[in-house]
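Everything below concerns the one structure shown next.
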Amino acid sequence: MDITPEKLTDQQLIELILAGNAICYETLFDRYRRQLYAATLSKCGDEQDACDIIQETYVKAYFNLPRYNPEYTFGQWVYTIARNLFIDFTRRKRSAGSTVSIDGTGGSEINPPCDTPNPEERIISRQRSRMLDNLMGELPPRYRTMIELRFVGEYSYEEIAEKLDMPIGTVKTQIHRARERLCALITARKLL
């Protein structure tokens with residue numbers, strides 16, 4: 001069997017990733033990045049917001065890959081994650097006083113199964129959470145704060161800007177850089 005990641009099927013890549021080969025995740029996600037970005041951009045209309053949603057999708061899918069159900073294609077699964085993050089994004093926008101339509105083109109609607117994690121999945125989730133906490137400890141304090149506010153506290157960009165008394169553009173840039181740094185740490189440590 002050819003072990004060049006680009007020539008492997010999605011399922012083969014997923015098996016390698018779950019066996020500890022985190023490098024294959026880049027290959028797998030890159031297969032869908034362009035379509036996800038186009039679908040997200042068509043719905044939200046803002047390039048930076050679309051990039052942010054895709055980055056959040058990348059991280060969320062990475063940490064939830066053990067829960068992936070092979071009855072669905074990886075593309076369907078990751079699109080569902082992106083769609084749900086977009087819906088969360090629109091809710092945050094609405095609560096901040098803006099309106100964003102969630103109607104648009106760009107992919108089929110998918111209703112994945114909603115399974116309650118079994119005990120093994122809960123243990124794996126706790127282990128991943130500890131790994132993420134350790135990686136967060138390696139980030140500079142300003143990046144750690146940005147990630148905690150955005151993804152743990154689920155603050156909007158506007159709320160973070162107000163809370164930290166920073167321009168919103170700076171907040172978006174800092175969060176983007178923090179996510180990139182965190183993803184680089186994950187990849188460098190070959191963690192999954």
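Ordering of the structure tokens sets the chain letters (A, B, ...); residue numbers start at 1 within each chain; ligands are numbered from 1 in the order shown.
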For region 22-38 of chain A: contacts at 10 Å, only C-alpha atoms, fewer than 5 positions along chain excluded, given as a PDB file with N, CA and C atoms, in the first residue's frame:
```pdb
ATOM      1  N   THR A   4       2.016   7.403   0.915  1.00  0.00           N
ATOM      2  CA  THR A   4       2.004   8.842   0.705  1.00  0.00           C
ATOM      3  C   THR A   4       0.636   9.352   1.150  1.00  0.00           C
ATOM      4  N   PRO A   5       0.597  10.244   2.152  1.00  0.00           N
ATOM      5  CA  PRO A   5      -0.698  10.677   2.700  1.00  0.00           C
ATOM      6  C   PRO A   5      -1.689  11.177   1.655  1.00  0.00           C
ATOM      7  N   GLU A   6      -1.202  11.886   0.633  1.00  0.00           N
ATOM      8  CA  GLU A   6      -2.100  12.441  -0.373  1.00  0.00           C
ATOM      9  C   GLU A   6      -2.826  11.356  -1.156  1.00  0.00           C
ATOM     10  N   LYS A   7      -2.268  10.143  -1.203  1.00  0.00           N
ATOM     11  CA  LYS A   7      -2.866   9.062  -1.994  1.00  0.00           C
ATOM     12  C   LYS A   7      -3.760   8.148  -1.161  1.00  0.00           C
ATOM     13  N   LEU A   8      -3.822   8.380   0.140  1.00  0.00           N
ATOM     14  CA  LEU A   8      -4.641   7.548   1.015  1.00  0.00           C
ATOM     15  C   LEU A   8      -6.085   8.031   1.019  1.00  0.00           C
ATOM     16  N   THR A   9      -7.000   7.133   1.298  1.00  0.00           N
ATOM     17  CA  THR A   9      -8.407   7.510   1.428  1.00  0.00           C
ATOM     18  C   THR A   9      -8.598   8.261   2.748  1.00  0.00           C
ATOM     19  N   ASP A  10      -9.728   8.918   2.871  1.00  0.00           N
ATOM     20  CA  ASP A  10     -10.043   9.614   4.121  1.00  0.00           C
ATOM     21  C   ASP A  10     -10.006   8.637   5.296  1.00  0.00           C
ATOM     22  N   GLN A  11     -10.625   7.468   5.110  1.00  0.00           N
ATOM     23  CA  GLN A  11     -10.693   6.503   6.207  1.00  0.00           C
ATOM     24  C   GLN A  11      -9.294   6.003   6.591  1.00  0.00           C
ATOM     25  N   GLN A  12      -8.431   5.794   5.607  1.00  0.00           N
ATOM     26  CA  GLN A  12      -7.060   5.365   5.912  1.00  0.00           C
ATOM     27  C   GLN A  12      -6.322   6.456   6.687  1.00  0.00           C
ATOM     28  N   LEU A  13      -6.514   7.702   6.275  1.00  0.00           N
ATOM     29  CA  LEU A  13      -5.879   8.811   6.990  1.00  0.00           C
ATOM     30  C   LEU A  13      -6.399   8.888   8.423  1.00  0.00           C
ATOM     31  N   ILE A  14      -7.704   8.733   8.595  1.00  0.00           N
ATOM     32  CA  ILE A  14      -8.295   8.796   9.935  1.00  0.00           C
ATOM     33  C   ILE A  14      -7.708   7.703  10.818  1.00  0.00           C
ATOM     34  N   GLU A  15      -7.564   6.505  10.280  1.00  0.00           N
ATOM     35  CA  GLU A  15      -6.983   5.405  11.053  1.00  0.00           C
ATOM     36  C   GLU A  15      -5.553   5.725  11.476  1.00  0.00           C
ATOM     37  N   LEU A  16      -4.774   6.311  10.560  1.00  0.00           N
ATOM     38  CA  LEU A  16      -3.395   6.689  10.898  1.00  0.00           C
ATOM     39  C   LEU A  16      -3.365   7.797  11.955  1.00  0.00           C
ATOM     40  N   ILE A  17      -4.262   8.758  11.828  1.00  0.00           N
ATOM     41  CA  ILE A  17      -4.323   9.858  12.802  1.00  0.00           C
ATOM     42  C   ILE A  17      -4.675   9.312  14.178  1.00  0.00           C
ATOM     43  N   LYS A  43     -21.996  32.264   3.224  1.00  0.00           N
ATOM     44  CA  LYS A  43     -23.021  32.481   4.248  1.00  0.00           C
ATOM     45  C   LYS A  43     -22.760  33.725   5.090  1.00  0.00           C
ATOM     46  N   GLY A  45     -20.232  36.180   4.430  1.00  0.00           N
ATOM     47  CA  GLY A  45     -19.886  37.337   3.620  1.00  0.00           C
ATOM     48  C   GLY A  45     -18.644  38.097   4.050  1.00  0.00           C
ATOM     49  N   GLU A  47     -14.492  37.714   4.845  1.00  0.00           N
ATOM     50  CA  GLU A  47     -13.350  36.806   4.716  1.00  0.00           C
ATOM     51  C   GLU A  47     -12.730  36.455   6.069  1.00  0.00           C
ATOM     52  N   ALA A  50     -14.992  34.123   7.999  1.00  0.00           N
ATOM     53  CA  ALA A  50     -14.950  32.787   7.390  1.00  0.00           C
ATOM     54  C   ALA A  50     -13.652  32.071   7.786  1.00  0.00           C
ATOM     55  N   CYS A  51     -12.537  32.774   7.756  1.00  0.00           N
ATOM     56  CA  CYS A  51     -11.255  32.178   8.168  1.00  0.00           C
ATOM     57  C   CYS A  51     -11.304  31.751   9.632  1.00  0.00           C
ATOM     58  N   ASP A  52     -11.879  32.590  10.465  1.00  0.00           N
ATOM     59  CA  ASP A  52     -11.982  32.258  11.893  1.00  0.00           C
ATOM     60  C   ASP A  52     -12.819  31.000  12.103  1.00  0.00           C
ATOM     61  N   ILE A  53     -13.940  30.917  11.413  1.00  0.00           N
ATOM     62  CA  ILE A  53     -14.813  29.751  11.558  1.00  0.00           C
ATOM     63  C   ILE A  53     -14.097  28.492  11.072  1.00  0.00           C
ATOM     64  N   ILE A  54     -13.372  28.590   9.969  1.00  0.00           N
ATOM     65  CA  ILE A  54     -12.651  27.421   9.443  1.00  0.00           C
ATOM     66  C   ILE A  54     -11.544  27.007  10.412  1.00  0.00           C
ATOM     67  N   GLN A  55     -10.855  27.960  11.003  1.00  0.00           N
ATOM     68  CA  GLN A  55      -9.822  27.609  11.993  1.00  0.00           C
ATOM     69  C   GLN A  55     -10.442  26.928  13.207  1.00  0.00           C
ATOM     70  N   THR A  57     -13.143  25.233  13.183  1.00  0.00           N
ATOM     71  CA  THR A  57     -13.557  23.918  12.692  1.00  0.00           C
ATOM     72  C   THR A  57     -12.377  22.958  12.714  1.00  0.00           C
ATOM     73  N   TYR A  58     -11.222  23.443  12.257  1.00  0.00           N
ATOM     74  CA  TYR A  58     -10.005  22.629  12.216  1.00  0.00           C
ATOM     75  C   TYR A  58      -9.669  22.094  13.609  1.00  0.00           C
ATOM     76  N   ALA A  61     -12.583  19.714  15.033  1.00  0.00           N
ATOM     77  CA  ALA A  61     -12.583  18.405  14.367  1.00  0.00           C
ATOM     78  C   ALA A  61     -11.388  17.577  14.818  1.00  0.00           C
ATOM     79  N   TYR A  62     -10.251  18.226  14.979  1.00  0.00           N
ATOM     80  CA  TYR A  62      -9.036  17.524  15.406  1.00  0.00           C
ATOM     81  C   TYR A  62      -9.248  16.849  16.764  1.00  0.00           C
ATOM     82  N   LEU A  65     -12.019  13.948  16.617  1.00  0.00           N
ATOM     83  CA  LEU A  65     -11.889  12.883  15.632  1.00  0.00           C
ATOM     84  C   LEU A  65     -12.182  11.489  16.199  1.00  0.00           C
ATOM     85  N   PHE A  74     -16.120  11.961   5.886  1.00  0.00           N
ATOM     86  CA  PHE A  74     -15.420  12.967   6.680  1.00  0.00           C
ATOM     87  C   PHE A  74     -15.877  14.357   6.247  1.00  0.00           C
ATOM     88  N   GLY A  75     -16.100  14.538   4.940  1.00  0.00           N
ATOM     89  CA  GLY A  75     -16.561  15.830   4.436  1.00  0.00           C
ATOM     90  C   GLY A  75     -17.889  16.239   5.049  1.00  0.00           C
ATOM     91  N   GLN A  76     -18.831  15.302   5.151  1.00  0.00           N
ATOM     92  CA  GLN A  76     -20.120  15.603   5.779  1.00  0.00           C
ATOM     93  C   GLN A  76     -19.927  15.985   7.238  1.00  0.00           C
ATOM     94  N   VAL A  78     -17.190  17.090   8.868  1.00  0.00           N
ATOM     95  CA  VAL A  78     -16.487  18.355   9.119  1.00  0.00           C
ATOM     96  C   VAL A  78     -17.342  19.540   8.663  1.00  0.00           C
ATOM     97  N   TYR A  79     -18.148  19.342   7.599  1.00  0.00           N
ATOM     98  CA  TYR A  79     -19.061  20.404   7.189  1.00  0.00           C
ATOM     99  C   TYR A  79     -20.077  20.687   8.294  1.00  0.00           C
ATOM    100  N   THR A  80     -20.560  19.642   8.944  1.00  0.00           N
ATOM    101  CA  THR A  80     -21.518  19.814  10.032  1.00  0.00           C
ATOM    102  C   THR A  80     -20.900  20.608  11.177  1.00  0.00           C
ATOM    103  N   ALA A  82     -18.483  22.815  10.876  1.00  0.00           N
ATOM    104  CA  ALA A  82     -18.377  24.201  10.392  1.00  0.00           C
ATOM    105  C   ALA A  82     -19.743  24.890  10.415  1.00  0.00           C
ATOM    106  N   ARG A  83     -20.771  24.171   9.990  1.00  0.00           N
ATOM    107  CA  ARG A  83     -22.123  24.742   9.982  1.00  0.00           C
ATOM    108  C   ARG A  83     -22.564  25.102  11.398  1.00  0.00           C
ATOM    109  N   THR A 105     -26.208  29.231   0.191  1.00  0.00           N
ATOM    110  CA  THR A 105     -25.871  28.005  -0.502  1.00  0.00           C
ATOM    111  C   THR A 105     -24.543  27.516   0.018  1.00  0.00           C
ATOM    112  N   GLY A 106     -24.203  26.308  -0.362  1.00  0.00           N
ATOM    113  CA  GLY A 106     -22.889  25.813   0.036  1.00  0.00           C
ATOM    114  C   GLY A 106     -22.984  24.555   0.856  1.00  0.00           C
ATOM    115  N   GLY A 107     -23.507  23.499   0.293  1.00  0.00           N
ATOM    116  CA  GLY A 107     -23.477  22.221   0.993  1.00  0.00           C
ATOM    117  C   GLY A 107     -24.854  21.756   1.388  1.00  0.00           C
ATOM    118  N   ILE A 186       0.215  21.576  18.551  1.00  0.00           N
ATOM    119  CA  ILE A 186      -0.435  20.272  18.415  1.00  0.00           C
ATOM    120  C   ILE A 186       0.291  19.443  17.366  1.00  0.00           C
ATOM    121  N   THR A 187       0.550  20.060  16.220  1.00  0.00           N
ATOM    122  CA  THR A 187       1.229  19.360  15.132  1.00  0.00           C
ATOM    123  C   THR A 187       2.664  18.992  15.516  1.00  0.00           C
ATOM    124  N   ALA A 188       3.372  19.903  16.139  1.00  0.00           N
ATOM    125  CA  ALA A 188       4.775  19.647  16.519  1.00  0.00           C
ATOM    126  C   ALA A 188       4.882  18.507  17.535  1.00  0.00           C
ATOM    127  N   ARG A 189       3.918  18.410  18.420  1.00  0.00           N
ATOM    128  CA  ARG A 189       3.951  17.355  19.441  1.00  0.00           C
ATOM    129  C   ARG A 189       3.338  16.047  18.937  1.00  0.00           C
ATOM    130  N   LYS A 190       2.774  16.118  17.702  1.00  0.00           N
ATOM    131  CA  LYS A 190       2.108  14.942  17.118  1.00  0.00           C
ATOM    132  C   LYS A 190       1.050  14.403  18.060  1.00  0.00           C
ATOM    133  N   LEU A 191       0.267  15.326  18.607  1.00  0.00           N
ATOM    134  CA  LEU A 191      -0.777  14.947  19.553  1.00  0.00           C
ATOM    135  C   LEU A 191      -2.108  14.788  18.861  1.00  0.00           C
ATOM    136  N   LEU A 192      -2.852  13.854  19.326  1.00  0.00           N
ATOM    137  CA  LEU A 192      -4.240  13.696  18.923  1.00  0.00           C
ATOM    138  C   LEU A 192      -4.944  12.914  19.975  1.00  0.00           C
TER     139      LEU A 192
END
```
*Got a sec: who's within 12 Å of region 170-176 of chain A, counting only C-alpha atoms, leaving out chain neighbours fewer than 4 positions off, as a PyMOL selection string?*
chain A and resi 48-56+139-151+155-166+180-183
_Atomic distance CA of Pro70 (chain A) - CA of Asn84 (chain A), expressed in Å with one decimal_ = 19.2 Å
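Straight-line separation from CA of Leu85 (chain A) to CA of Ala19 (chain A): 27.1 Å.
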*asked:* Please identify the helix (DSSP H, G or I) residues within region 12-80 of chain A (assignment by DSSP from backbone atoms) and present them as an MDAnalysis selection string.
replied: chainID A and resid 12:18 23:44 47:67 74:80
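You will find CA of Ile81 (chain A) at 7.7 Å from CA of Lys60 (chain A).
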